[in-house]
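Shown below: input.cif, with mmCIF, C-alpha atoms.
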data_structure
#
loop_
_atom_site.label_atom_id
_atom_site.label_comp_id
_atom_site.auth_asym_id
_atom_site.auth_seq_id
_atom_site.Cartn_x
_atom_site.Cartn_y
_atom_site.Cartn_z
CA MET A 207 -7.05 16.33 12.73
CA LEU A 208 -6.47 17.76 9.29
CA VAL A 209 -4.86 14.90 7.37
CA LEU A 210 -3.34 14.91 3.88
CA VAL A 211 -3.90 11.61 2.09
CA THR A 212 -1.97 11.34 -1.17
CA GLY A 213 -3.31 8.82 -3.66
CA ALA A 214 -6.81 9.43 -2.26
CA ALA A 215 -8.52 8.13 -5.41
CA GLY A 216 -6.46 4.96 -5.17
CA PHE A 217 -7.54 1.73 -3.51
CA ILE A 218 -6.01 2.17 -0.06
CA GLY A 219 -6.24 5.97 -0.09
CA PHE A 220 -9.99 5.83 -0.78
CA HIS A 221 -10.71 3.44 2.07
CA LEU A 222 -8.44 5.31 4.49
CA SER A 223 -10.05 8.67 3.62
CA ASN A 224 -13.51 7.19 4.19
CA ARG A 225 -12.45 5.90 7.60
CA LEU A 226 -10.86 9.21 8.65
CA LEU A 227 -13.96 11.14 7.56
CA ALA A 228 -16.19 8.74 9.49
CA GLU A 229 -14.09 9.43 12.59
CA GLY A 230 -14.63 13.19 12.22
CA HIS A 231 -11.26 14.19 10.76
CA ASP A 232 -10.85 16.66 7.90
CA VAL A 233 -9.15 15.14 4.85
CA VAL A 234 -7.38 16.79 1.95
CA GLY A 235 -7.15 14.14 -0.75
CA LEU A 236 -4.46 14.49 -3.39
CA ASP A 237 -4.37 12.46 -6.62
CA ASN A 238 -3.22 13.01 -10.19
CA LEU A 239 -5.81 10.55 -11.59
CA ASN A 240 -3.26 8.98 -13.92
CA ASP A 241 -4.24 6.26 -16.38
CA TYR A 242 -2.10 3.39 -15.05
CA TYR A 243 -5.47 1.71 -14.54
CA SER A 244 -9.12 2.71 -15.05
CA VAL A 245 -9.58 6.44 -14.44
CA SER A 246 -13.34 5.91 -14.21
CA LEU A 247 -12.85 3.58 -11.22
CA LYS A 248 -10.73 6.25 -9.53
CA LYS A 249 -13.35 8.92 -10.27
CA ASP A 250 -16.11 6.71 -8.87
CA ARG A 251 -14.15 6.27 -5.64
CA LEU A 252 -13.50 10.00 -5.55
CA ALA A 253 -17.17 10.83 -6.08
CA GLN A 254 -18.04 8.97 -2.87
CA LEU A 255 -15.46 11.00 -0.95
CA GLN A 256 -16.57 14.30 -2.47
CA ASP A 257 -20.10 13.68 -1.19
CA GLN A 258 -18.74 14.24 2.32
CA ASP A 259 -18.39 17.69 3.86
CA ARG A 260 -14.98 17.29 5.44
CA PHE A 261 -13.24 16.17 2.23
CA THR A 262 -11.33 18.49 -0.12
CA PHE A 263 -9.82 17.22 -3.38
CA GLU A 264 -6.59 18.52 -4.90
CA GLN A 265 -5.64 17.18 -8.33
CA LEU A 266 -1.88 17.35 -8.74
CA SER A 267 1.19 15.17 -9.11
CA LEU A 268 3.77 14.71 -6.36
CA GLU A 269 6.49 15.27 -8.95
CA ASP A 270 5.27 18.86 -9.38
CA ARG A 271 7.46 20.46 -6.74
CA GLY A 272 5.87 23.90 -6.95
CA ALA A 273 2.33 22.52 -6.62
CA VAL A 274 3.27 20.41 -3.59
CA GLU A 275 5.02 23.36 -1.92
CA ASP A 276 1.96 25.54 -2.56
CA LEU A 277 -0.33 22.89 -1.08
CA PHE A 278 1.65 22.90 2.17
CA LYS A 279 1.46 26.71 2.28
CA ARG A 280 -2.33 26.63 1.96
CA TYR A 281 -2.93 23.97 4.61
CA THR A 282 -1.40 23.10 7.97
CA PHE A 283 -1.51 19.32 8.12
CA GLU A 284 -1.40 17.53 11.45
CA ALA A 285 -0.48 14.30 9.68
CA VAL A 286 0.44 13.22 6.15
CA VAL A 287 -0.22 9.73 4.77
CA ASN A 288 1.66 9.27 1.51
CA LEU A 289 0.01 6.50 -0.51
CA ALA A 290 0.55 8.03 -3.95
CA ALA A 291 3.07 6.07 -5.98
CA GLN A 292 3.57 4.32 -9.27
CA ALA A 293 2.46 0.83 -8.24
CA GLY A 294 3.04 -2.60 -9.73
CA VAL A 295 6.05 -4.89 -9.84
CA ARG A 296 5.55 -6.12 -13.41
CA TYR A 297 4.95 -2.65 -14.89
CA SER A 298 8.29 -1.53 -13.44
CA LEU A 299 10.00 -3.82 -15.97
CA GLU A 300 8.26 -2.01 -18.83
CA ASN A 301 8.37 1.61 -17.68
CA PRO A 302 11.13 2.02 -15.06
CA ARG A 303 11.42 5.80 -15.33
CA ALA A 304 7.83 6.28 -14.13
CA TYR A 305 8.91 4.78 -10.79
CA ILE A 306 11.84 7.14 -10.33
CA SER A 307 9.70 10.16 -11.17
CA SER A 308 6.76 9.29 -8.91
CA ASN A 309 8.30 7.22 -6.12
CA ILE A 310 11.65 9.00 -5.71
CA ASP A 311 11.18 12.59 -6.95
CA GLY A 312 7.60 12.73 -5.67
CA PHE A 313 8.51 11.36 -2.26
CA MET A 314 11.38 13.86 -2.02
CA ASN A 315 8.86 16.70 -2.48
CA ILE A 316 6.71 15.27 0.33
CA LEU A 317 9.70 14.95 2.68
CA GLU A 318 10.88 18.49 1.99
CA SER A 319 7.40 19.93 2.44
CA CYS A 320 6.87 18.04 5.71
CA ARG A 321 10.27 19.22 6.91
CA HIS A 322 9.62 22.91 6.21
CA ALA A 323 6.08 22.72 7.61
CA SER A 324 7.25 20.86 10.74
CA THR A 325 4.57 18.24 10.08
CA PRO A 326 4.01 16.22 13.29
CA HIS A 327 3.88 12.81 11.56
CA LEU A 328 4.51 11.34 8.10
CA ILE A 329 3.23 7.85 7.33
CA TYR A 330 4.22 6.45 3.95
CA ALA A 331 3.57 3.28 1.97
CA SER A 332 6.45 0.90 1.56
CA SER A 333 5.90 -2.65 0.32
CA SER A 334 6.49 -6.31 1.12
CA SER A 335 8.41 -6.39 -2.17
CA VAL A 336 11.43 -4.84 -0.38
CA TYR A 337 12.19 -8.31 1.04
CA GLY A 338 13.29 -9.35 -2.46
CA MET A 339 15.65 -12.31 -2.33
CA ASN A 340 15.07 -12.93 1.39
CA THR A 341 13.88 -16.47 2.03
CA GLN A 342 13.77 -16.57 5.84
CA MET A 343 10.09 -16.66 6.76
CA PRO A 344 8.19 -14.86 8.11
CA PHE A 345 9.67 -11.59 6.86
CA SER A 346 10.63 -9.32 9.76
CA VAL A 347 11.27 -5.56 9.84
CA HIS A 348 14.42 -6.46 11.77
CA ASP A 349 15.82 -8.29 8.70
CA ASN A 350 18.24 -6.75 6.21
CA VAL A 351 16.51 -5.94 2.89
CA ASP A 352 19.35 -5.02 0.53
CA HIS A 353 18.50 -7.38 -2.34
CA PRO A 354 15.37 -6.16 -4.19
CA VAL A 355 14.37 -7.98 -7.39
CA SER A 356 12.36 -5.21 -9.08
CA LEU A 357 12.84 -1.48 -9.55
CA TYR A 358 9.50 -0.95 -7.80
CA ALA A 359 10.93 -2.65 -4.70
CA ALA A 360 14.13 -0.63 -5.00
CA THR A 361 12.16 2.63 -4.99
CA LYS A 362 10.26 1.56 -1.87
CA LYS A 363 13.50 0.64 -0.10
CA SER A 364 14.83 4.04 -1.19
CA ASN A 365 11.80 5.73 0.41
CA GLU A 366 12.67 4.06 3.71
CA LEU A 367 16.28 5.30 3.50
CA MET A 368 15.21 8.82 2.54
CA ALA A 369 12.70 8.91 5.41
CA HIS A 370 15.35 7.81 7.88
CA THR A 371 17.63 10.61 6.75
CA TYR A 372 14.91 13.20 7.38
CA SER A 373 14.04 11.66 10.72
CA HIS A 374 17.70 11.81 11.72
CA LEU A 375 18.58 15.25 10.38
CA TYR A 376 15.37 17.14 11.07
CA GLY A 377 13.55 15.14 13.72
CA LEU A 378 10.64 14.44 11.34
CA PRO A 379 8.66 11.48 12.74
CA THR A 380 8.29 8.97 9.88
CA THR A 381 6.49 5.63 9.84
CA GLY A 382 6.97 3.28 6.88
CA LEU A 383 4.38 0.57 6.24
CA ARG A 384 5.25 -2.56 4.31
CA PHE A 385 1.89 -3.67 2.93
CA PHE A 386 1.38 -7.33 2.05
CA THR A 387 -0.87 -8.00 -1.01
CA VAL A 388 -3.86 -5.83 -0.16
CA TYR A 389 -7.26 -6.89 -1.51
CA GLY A 390 -10.94 -6.09 -1.07
CA PRO A 391 -13.86 -4.06 -2.52
CA TRP A 392 -12.85 -1.20 -4.86
CA GLY A 393 -9.50 -2.97 -5.38
CA ARG A 394 -6.97 -2.41 -8.14
CA PRO A 395 -7.77 -3.94 -11.57
CA ASP A 396 -4.12 -5.01 -12.04
CA MET A 397 -4.18 -7.25 -8.95
CA ALA A 398 -4.80 -11.02 -9.06
CA LEU A 399 -8.21 -11.02 -7.35
CA PHE A 400 -9.65 -8.48 -9.81
CA LEU A 401 -8.02 -10.12 -12.84
CA PHE A 402 -9.15 -13.63 -11.87
CA THR A 403 -12.72 -12.57 -11.06
CA ARG A 404 -13.12 -10.64 -14.30
CA ALA A 405 -11.67 -13.45 -16.45
CA MET A 406 -13.82 -16.11 -14.80
CA LEU A 407 -17.03 -14.11 -15.22
CA GLU A 408 -16.13 -13.50 -18.87
CA GLY A 409 -15.46 -17.21 -19.45
CA LYS A 410 -11.75 -16.67 -20.06
CA PRO A 411 -8.79 -18.62 -18.62
CA ILE A 412 -6.86 -17.14 -15.70
CA LYS A 413 -3.07 -16.79 -15.87
CA VAL A 414 -1.47 -18.71 -12.99
CA PHE A 415 2.22 -17.88 -12.66
CA ASN A 416 4.91 -20.25 -11.38
CA GLU A 417 2.32 -22.96 -12.22
CA GLY A 418 0.49 -22.02 -9.02
CA ARG A 419 3.41 -22.69 -6.68
CA MET A 420 3.09 -19.31 -4.99
CA GLN A 421 2.08 -18.13 -1.54
CA ARG A 422 0.92 -14.67 -0.59
CA ASP A 423 0.09 -13.04 2.72
CA PHE A 424 -3.19 -11.59 1.42
CA THR A 425 -4.34 -8.71 3.65
CA TYR A 426 -7.89 -7.38 3.66
CA ILE A 427 -8.29 -3.65 3.09
CA ASP A 428 -10.12 -2.97 6.38
CA ASP A 429 -7.21 -4.52 8.29
CA ILE A 430 -4.76 -2.25 6.47
CA VAL A 431 -6.86 0.82 7.29
CA GLU A 432 -7.18 -0.18 10.95
CA GLY A 433 -3.39 -0.45 11.20
CA ILE A 434 -2.85 2.96 9.59
CA THR A 435 -5.39 4.73 11.80
CA ARG A 436 -3.89 3.27 14.96
CA LEU A 437 -0.42 4.36 13.87
CA LEU A 438 -1.66 7.86 13.01
CA ALA A 439 -2.47 8.32 16.67
CA LYS A 440 1.02 7.19 17.69
CA PRO A 441 3.78 9.04 15.78
CA ALA A 442 7.15 7.34 15.40
CA THR A 443 9.50 7.73 18.35
CA PRO A 444 13.19 6.96 18.81
CA ASN A 445 14.02 3.46 20.00
CA GLY A 446 15.77 4.01 23.33
CA ASN A 447 17.43 0.60 23.05
CA TRP A 448 18.77 1.16 19.54
CA ASN A 449 22.43 0.15 19.28
CA SER A 450 24.60 1.60 16.52
CA ALA A 451 27.07 -1.29 16.92
CA SER A 452 24.29 -3.73 16.03
CA PRO A 453 21.70 -1.58 14.25
CA ASP A 454 18.08 -2.71 14.05
CA PRO A 455 16.76 -1.90 10.50
CA GLY A 456 13.19 -1.49 11.80
CA SER A 457 13.84 1.42 14.15
CA SER A 458 16.46 4.04 15.00
CA SER A 459 17.81 6.52 17.49
CA ALA A 460 15.75 8.96 15.36
CA PRO A 461 11.90 9.09 15.33
CA TYR A 462 11.70 6.44 12.61
CA ARG A 463 9.74 3.19 12.50
CA LEU A 464 8.98 0.44 10.00
CA PHE A 465 6.06 -1.99 10.28
CA ASN A 466 4.77 -4.93 8.30
CA ILE A 467 0.99 -4.95 7.86
CA GLY A 468 0.04 -8.43 6.73
CA ASN A 469 -2.44 -11.12 7.61
CA ASN A 470 0.36 -13.25 9.10
CA GLN A 471 -1.17 -16.29 7.37
CA PRO A 472 0.19 -16.96 3.87
CA VAL A 473 -2.27 -18.59 1.48
CA ALA A 474 -1.30 -20.90 -1.39
CA LEU A 475 -2.29 -19.39 -4.75
CA MET A 476 -4.36 -22.44 -5.65
CA ASP A 477 -6.30 -22.11 -2.38
CA PHE A 478 -6.84 -18.42 -3.15
CA ILE A 479 -8.23 -19.36 -6.56
CA GLY A 480 -10.41 -21.99 -4.86
CA ALA A 481 -11.91 -19.32 -2.61
CA ILE A 482 -12.76 -17.18 -5.67
CA GLU A 483 -14.33 -20.21 -7.38
CA GLU A 484 -16.41 -20.81 -4.26
CA ALA A 485 -17.56 -17.19 -4.07
CA LEU A 486 -18.46 -17.08 -7.77
CA GLY A 487 -19.96 -20.57 -7.89
CA MET A 488 -17.88 -21.58 -10.91
CA GLU A 489 -14.60 -23.27 -11.75
CA ALA A 490 -11.70 -21.38 -13.31
CA GLU A 491 -9.93 -22.51 -16.45
CA LYS A 492 -6.26 -22.20 -15.49
CA GLU A 493 -3.38 -21.34 -17.81
CA LEU A 494 -0.23 -22.43 -15.96
CA LEU A 495 2.72 -20.17 -16.73
CA PRO A 496 6.34 -19.81 -15.53
CA MET A 497 7.45 -17.36 -12.85
CA GLN A 498 7.43 -13.72 -13.94
CA PRO A 499 10.63 -11.64 -13.66
CA GLY A 500 10.57 -9.50 -10.51
CA ASP A 501 8.14 -11.81 -8.70
CA VAL A 502 8.89 -13.75 -5.53
CA PRO A 503 7.49 -17.23 -4.75
CA ALA A 504 6.19 -16.41 -1.26
CA THR A 505 5.45 -13.58 1.17
CA TYR A 506 4.75 -13.97 4.88
CA ALA A 507 4.64 -11.08 7.35
CA ASN A 508 5.98 -11.13 10.87
CA ILE A 509 3.72 -8.53 12.52
CA ASP A 510 5.12 -8.62 16.06
CA ALA A 511 6.48 -5.06 15.78
CA LEU A 512 3.03 -3.73 14.80
CA SER A 513 1.35 -5.71 17.55
CA ASP A 514 3.82 -4.47 20.17
CA TYR A 515 3.47 -0.83 19.08
CA VAL A 516 -0.30 -0.45 18.61
CA ASP A 517 -1.72 -3.75 19.91
CA TYR A 518 -3.16 -4.81 16.56
CA ARG A 519 -2.96 -7.94 14.40
CA PRO A 520 -4.88 -8.18 11.10
CA GLY A 521 -7.12 -11.22 10.91
CA THR A 522 -9.90 -11.11 8.28
CA PRO A 523 -10.32 -14.67 6.91
CA ILE A 524 -9.56 -15.02 3.20
CA ARG A 525 -13.00 -16.44 2.29
CA GLN A 526 -14.78 -13.57 4.03
CA GLY A 527 -12.60 -10.97 2.31
CA ILE A 528 -12.96 -12.56 -1.14
CA GLY A 529 -16.72 -12.88 -0.63
CA ASN A 530 -16.93 -9.16 0.13
CA PHE A 531 -14.93 -8.35 -3.00
CA VAL A 532 -17.09 -10.55 -5.23
CA ASP A 533 -20.26 -8.96 -3.83
CA TRP A 534 -18.85 -5.51 -4.61
CA TYR A 535 -17.64 -6.56 -8.08
CA ARG A 536 -21.04 -7.97 -9.07
CA SER A 537 -22.78 -4.84 -7.79
CA TYR A 538 -20.34 -2.40 -9.43
CA PHE A 539 -20.18 -4.10 -12.84
CA GLY A 540 -23.71 -5.53 -12.84
CA HIS A 541 -22.64 -9.18 -13.22
#

Starting from the file, give its structure as structure tokens.
Amino acid sequence: MLVLVTGAAGFIGFHLSNRLLAEGHDVVGLDNLNDYYSVSLKKDRLAQLQDQDRFTFEQLSLEDRGAVEDLFKRYTFEAVVNLAAQAGVRYSLENPRAYISSNIDGFMNILESCRHASTPHLIYASSSSVYGMNTQMPFSVHDNVDHPVSLYAATKKSNELMAHTYSHLYGLPTTGLRFFTVYGPWGRPDMALFLFTRAMLEGKPIKVFNEGRMQRDFTYIDDIVEGITRLLAKPATPNGNWNSASPDPGSSSAPYRLFNIGNNQPVALMDFIGAIEEALGMEAEKELLPMQPGDVPATYANIDALSDYVDYRPGTPIRQGIGNFVDWYRSYFGH
């Protein structure tokens, strides 16, 4: 296939592009290389992709409507995986307009381009953050998610609603993926694993929010990529049992699907830190802090819908995944 991967220089986009190339697909990777975090890390990821024959890089922003329309005129994509977005819950408190521009306006340009090009399948990144104030665990795609607690989460919920509209009106098959705390080699520097590892190796204290009383469904990058590639081969279809009198939020009478991709095994934050300490062979100095605005105390993915649809359940053990990250980090930064 010829696949468009937006956010190809990002953490998940880089790993997905590598996997698709290894499977013999042609990949057009789009990224604007913004400076939300280290541009050099993004360029180093990109350099690995550009060493491969079937990869083509396009530097542009999703918000640039004309550039996105032109891209879809120059290529005929058999699938689009939209991973480009302004990420980060905490940053959305500081710079909310960046999220509207990238995650709403940018996604609108992708939807419109897919519609006019009759793209066979659009997969897009949602987030576990859409569950917001929900406390019933594990989180299920069949649950109502109308109470986000950050603007980032609200934009991701908006993407799901926008996608459903296009699936309903134009028959565009859309698959939304709610990722649960993705980690692994080449990960994002604003995420806990990267921040903790760097601080510990530099002899600095780590910031532990909610005094460590947090749980996360940490999901290893390879498990995320496996889920995406399986779903690429199986475009969203209407749910023949969908009932408008009792609507299921995770599917529709239109070709629209939502899936959680999580490890299905939440890990206490202190145990997560313990696994990093074990991998690094040192103890962390911990600065216990209160809960951050926009954060939630726990995430836990029900992945039955994913398992039923593509017969896959993520399962990389946390110590293995953290060990792989630490090995990469030491190699990359020379620690």

* **Residues near Arg422 of chain A, cut-off 12 Å, all atoms listed in the file, skip fewer than 6 positions along chain, as a PyMOL selection string** => chain A and resi 334-335+343-345+385-389+398-399+468-479+501-507+524

What does the file look like for those residues with C-alpha atoms, as a short mmCIF file (atom, residue, chain, number, x, y, z; two decimals), in the frame of the given file?
data_model
loop_
_atom_site.label_atom_id
_atom_site.label_comp_id
_atom_site.auth_asym_id
_atom_site.auth_seq_id
_atom_site.Cartn_x
_atom_site.Cartn_y
_atom_site.Cartn_z
CA SER A 334 6.49 -6.31 1.12
CA SER A 335 8.41 -6.39 -2.17
CA MET A 343 10.09 -16.66 6.76
CA PRO A 344 8.19 -14.86 8.11
CA PHE A 345 9.67 -11.59 6.86
CA PHE A 385 1.89 -3.67 2.93
CA PHE A 386 1.38 -7.33 2.05
CA THR A 387 -0.87 -8.00 -1.01
CA VAL A 388 -3.86 -5.83 -0.16
CA TYR A 389 -7.26 -6.89 -1.51
CA ALA A 398 -4.80 -11.02 -9.06
CA LEU A 399 -8.21 -11.02 -7.35
CA GLY A 468 0.04 -8.43 6.73
CA ASN A 469 -2.44 -11.12 7.61
CA ASN A 470 0.36 -13.25 9.10
CA GLN A 471 -1.17 -16.29 7.37
CA PRO A 472 0.19 -16.96 3.87
CA VAL A 473 -2.27 -18.59 1.48
CA ALA A 474 -1.30 -20.90 -1.39
CA LEU A 475 -2.29 -19.39 -4.75
CA MET A 476 -4.36 -22.44 -5.65
CA ASP A 477 -6.30 -22.11 -2.38
CA PHE A 478 -6.84 -18.42 -3.15
CA ILE A 479 -8.23 -19.36 -6.56
CA ASP A 501 8.14 -11.81 -8.70
CA VAL A 502 8.89 -13.75 -5.53
CA PRO A 503 7.49 -17.23 -4.75
CA ALA A 504 6.19 -16.41 -1.26
CA THR A 505 5.45 -13.58 1.17
CA TYR A 506 4.75 -13.97 4.88
CA ALA A 507 4.64 -11.08 7.35
CA ILE A 524 -9.56 -15.02 3.20
#

Exercise. Tell me which residues the PyMOL selection byres ((chain A and resi 289-292) around 7) grabs here, as a ChimeraX atom specification.
Key: /A:211-213,219,287-288,293-294,304-305,308-309,330-331

Would you export the selected residues with C-alpha atoms as a short mmCIF file (atom, residue, chain, number, x, y, z; two decimals), keeping the file's coordinate frame, please?
data_model
loop_
_atom_site.label_atom_id
_atom_site.label_comp_id
_atom_site.auth_asym_id
_atom_site.auth_seq_id
_atom_site.Cartn_x
_atom_site.Cartn_y
_atom_site.Cartn_z
CA VAL A 211 -3.90 11.61 2.09
CA THR A 212 -1.97 11.34 -1.17
CA GLY A 213 -3.31 8.82 -3.66
CA GLY A 219 -6.24 5.97 -0.09
CA VAL A 287 -0.22 9.73 4.77
CA ASN A 288 1.66 9.27 1.51
CA ALA A 293 2.46 0.83 -8.24
CA GLY A 294 3.04 -2.60 -9.73
CA ALA A 304 7.83 6.28 -14.13
CA TYR A 305 8.91 4.78 -10.79
CA SER A 308 6.76 9.29 -8.91
CA ASN A 309 8.30 7.22 -6.12
CA TYR A 330 4.22 6.45 3.95
CA ALA A 331 3.57 3.28 1.97
#

Residues of segment 237-344 of chain A within 10 Å of segment 222-233 of chain A: nearest atom pair and distance (Å, one decimal) for each, counting only C-alpha atoms, sorted by chain and number, as a tab-separated table?
residue	atom	partner	partner_atom	distance
A:Arg251	CA	A:Asn224	CA	9.9
A:Leu252	CA	A:Ser223	CA	9.9
A:Gln254	CA	A:Asn224	CA	8.6
A:Leu255	CA	A:Asn224	CA	6.7
A:Gln258	CA	A:Leu227	CA	7.7
A:Asp259	CA	A:Asp232	CA	8.6
A:Arg260	CA	A:Asp232	CA	4.8
A:Phe261	CA	A:Val233	CA	5.0
A:Thr262	CA	A:Val233	CA	6.4
A:Phe263	CA	A:Val233	CA	8.5
A:Phe283	CA	A:Val233	CA	9.3
A:Ala285	CA	A:Val233	CA	10.0
A:Val286	CA	A:Val233	CA	9.9
A:Val287	CA	A:Leu222	CA	9.3
A:Leu289	CA	A:Leu222	CA	9.9

Between atom CA of Pro461 of chain A and atom CA of Thr325 of chain A lies a distance of 12.8 Å

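Interatomic distance, atom CA of Pro354 of chain A against atom CA of Gly500 of chain A: 8.6 Å.
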
Min atom-atom distance to Val532 of chain A from the set A:Gly480, A:Gly390, A:Gly216, A:Pro455, counting all atoms listed in the file, belongs to A:Gly390

If you count all atoms listed in the file, the residue of A:Thr341, A:Ser457, A:Asn301, A:Thr361 closest to Ser373 of chain A turns out to be A:Ser457

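Nearest residue to Val355 of chain A among A:Ile482, A:Val295, A:Ile306, A:Leu317 is A:Val295, counting all atoms listed in the file.
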
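Taking atom CA of Asn350 of chain A and atom CA of Arg321 of chain A as endpoints, the distance between them is 27.2 Å.
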
Test item: which residues lie within 12 Å of (12.0, 12.3, -3.6) counting only C-alpha atoms, as a PyMOL selection string: chain A and resi 268-271+274+288+291+305-319+361-362+364-369+371-372

Selected residue, from A:Arg296, A:Leu357, A:Thr380, A:Gly338, that lies nearest to Ser324 of chain A when counting all atoms listed in the file: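 Between A:Arg296, A:Leu357, A:Thr380, A:Gly338, the residue approaching Ser324 of chain A most closely is A:Thr380.
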
- Task: Using only C-alpha atoms, pick whichever of A:Asp250, A:Trp392, A:Ser513, A:Ala215 has the shortest atom-to-atom distance to Asp237 of chain A.
- Result: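 Nearest candidate to Asp237 of chain A out of A:Asp250, A:Trp392, A:Ser513, A:Ala215: A:Ala215.
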
> So which one's closest to Asp349 of chain A, A:Ser537, A:Asn238, A:Asn508, A:Thr425? Using all atoms listed in the file, please.
Replying inline: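 Nearest to Asp349 of chain A: A:Asn508.
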
Evaluate the PyMOL selection byres ((chain A and resi 456) around 9) against this structure - the residues, as a PyMOL selection string, please. chain A and resi 346-349+453-455+457-458+462-465+511

Query raised in the report: Using the chain letters and numbers from the file, which residues does the PyMOL selection byres ((chain A and resi 413) around 9) grab, as a list of chain:residue names?
Result: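 Taken on the displayed file, the PyMOL selection byres ((chain A and resi 413) around 9) yields the residues A:Leu401, A:Phe402, A:Pro411, A:Ile412, A:Val414, A:Phe415, A:Glu417, A:Glu491, A:Lys492, A:Glu493, A:Leu494, A:Leu495.
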
What does segment 447-459 of chain A look like written to a file with N, CA and C atoms, as a compact mmCIF listing (two decimals), in the first residue's frame?
# COMPACT_ATOMS: atom_id res chain seq x y z
N ASN A 447 -25.41 -4.49 14.38
CA ASN A 447 -26.27 -4.58 15.56
C ASN A 447 -26.46 -3.23 16.26
N TRP A 448 -25.95 -2.16 15.63
CA TRP A 448 -26.03 -0.85 16.28
C TRP A 448 -27.49 -0.40 16.40
N ASN A 449 -27.84 0.11 17.56
CA ASN A 449 -29.23 0.46 17.87
C ASN A 449 -29.31 1.93 18.24
N SER A 450 -30.00 2.71 17.42
CA SER A 450 -30.08 4.15 17.66
C SER A 450 -30.87 4.50 18.91
N ALA A 451 -31.68 3.57 19.41
CA ALA A 451 -32.43 3.82 20.65
C ALA A 451 -31.54 3.64 21.88
N SER A 452 -30.45 2.89 21.70
CA SER A 452 -29.49 2.68 22.78
C SER A 452 -28.09 2.68 22.16
N PRO A 453 -27.63 3.86 21.73
CA PRO A 453 -26.43 3.92 20.88
C PRO A 453 -25.15 3.53 21.61
N ASP A 454 -24.35 2.71 20.94
CA ASP A 454 -23.04 2.31 21.44
C ASP A 454 -22.02 3.36 20.99
N PRO A 455 -21.33 4.07 21.93
CA PRO A 455 -20.37 5.11 21.53
C PRO A 455 -19.18 4.58 20.73
N GLY A 456 -18.88 3.28 20.83
CA GLY A 456 -17.68 2.74 20.21
C GLY A 456 -17.83 2.31 18.77
N SER A 457 -19.06 2.35 18.25
CA SER A 457 -19.30 1.95 16.87
C SER A 457 -20.50 2.72 16.34
N SER A 458 -21.02 2.32 15.17
CA SER A 458 -22.08 3.11 14.55
C SER A 458 -22.73 2.32 13.42
N SER A 459 -23.83 2.85 12.92
CA SER A 459 -24.39 2.32 11.68
C SER A 459 -23.56 2.77 10.48
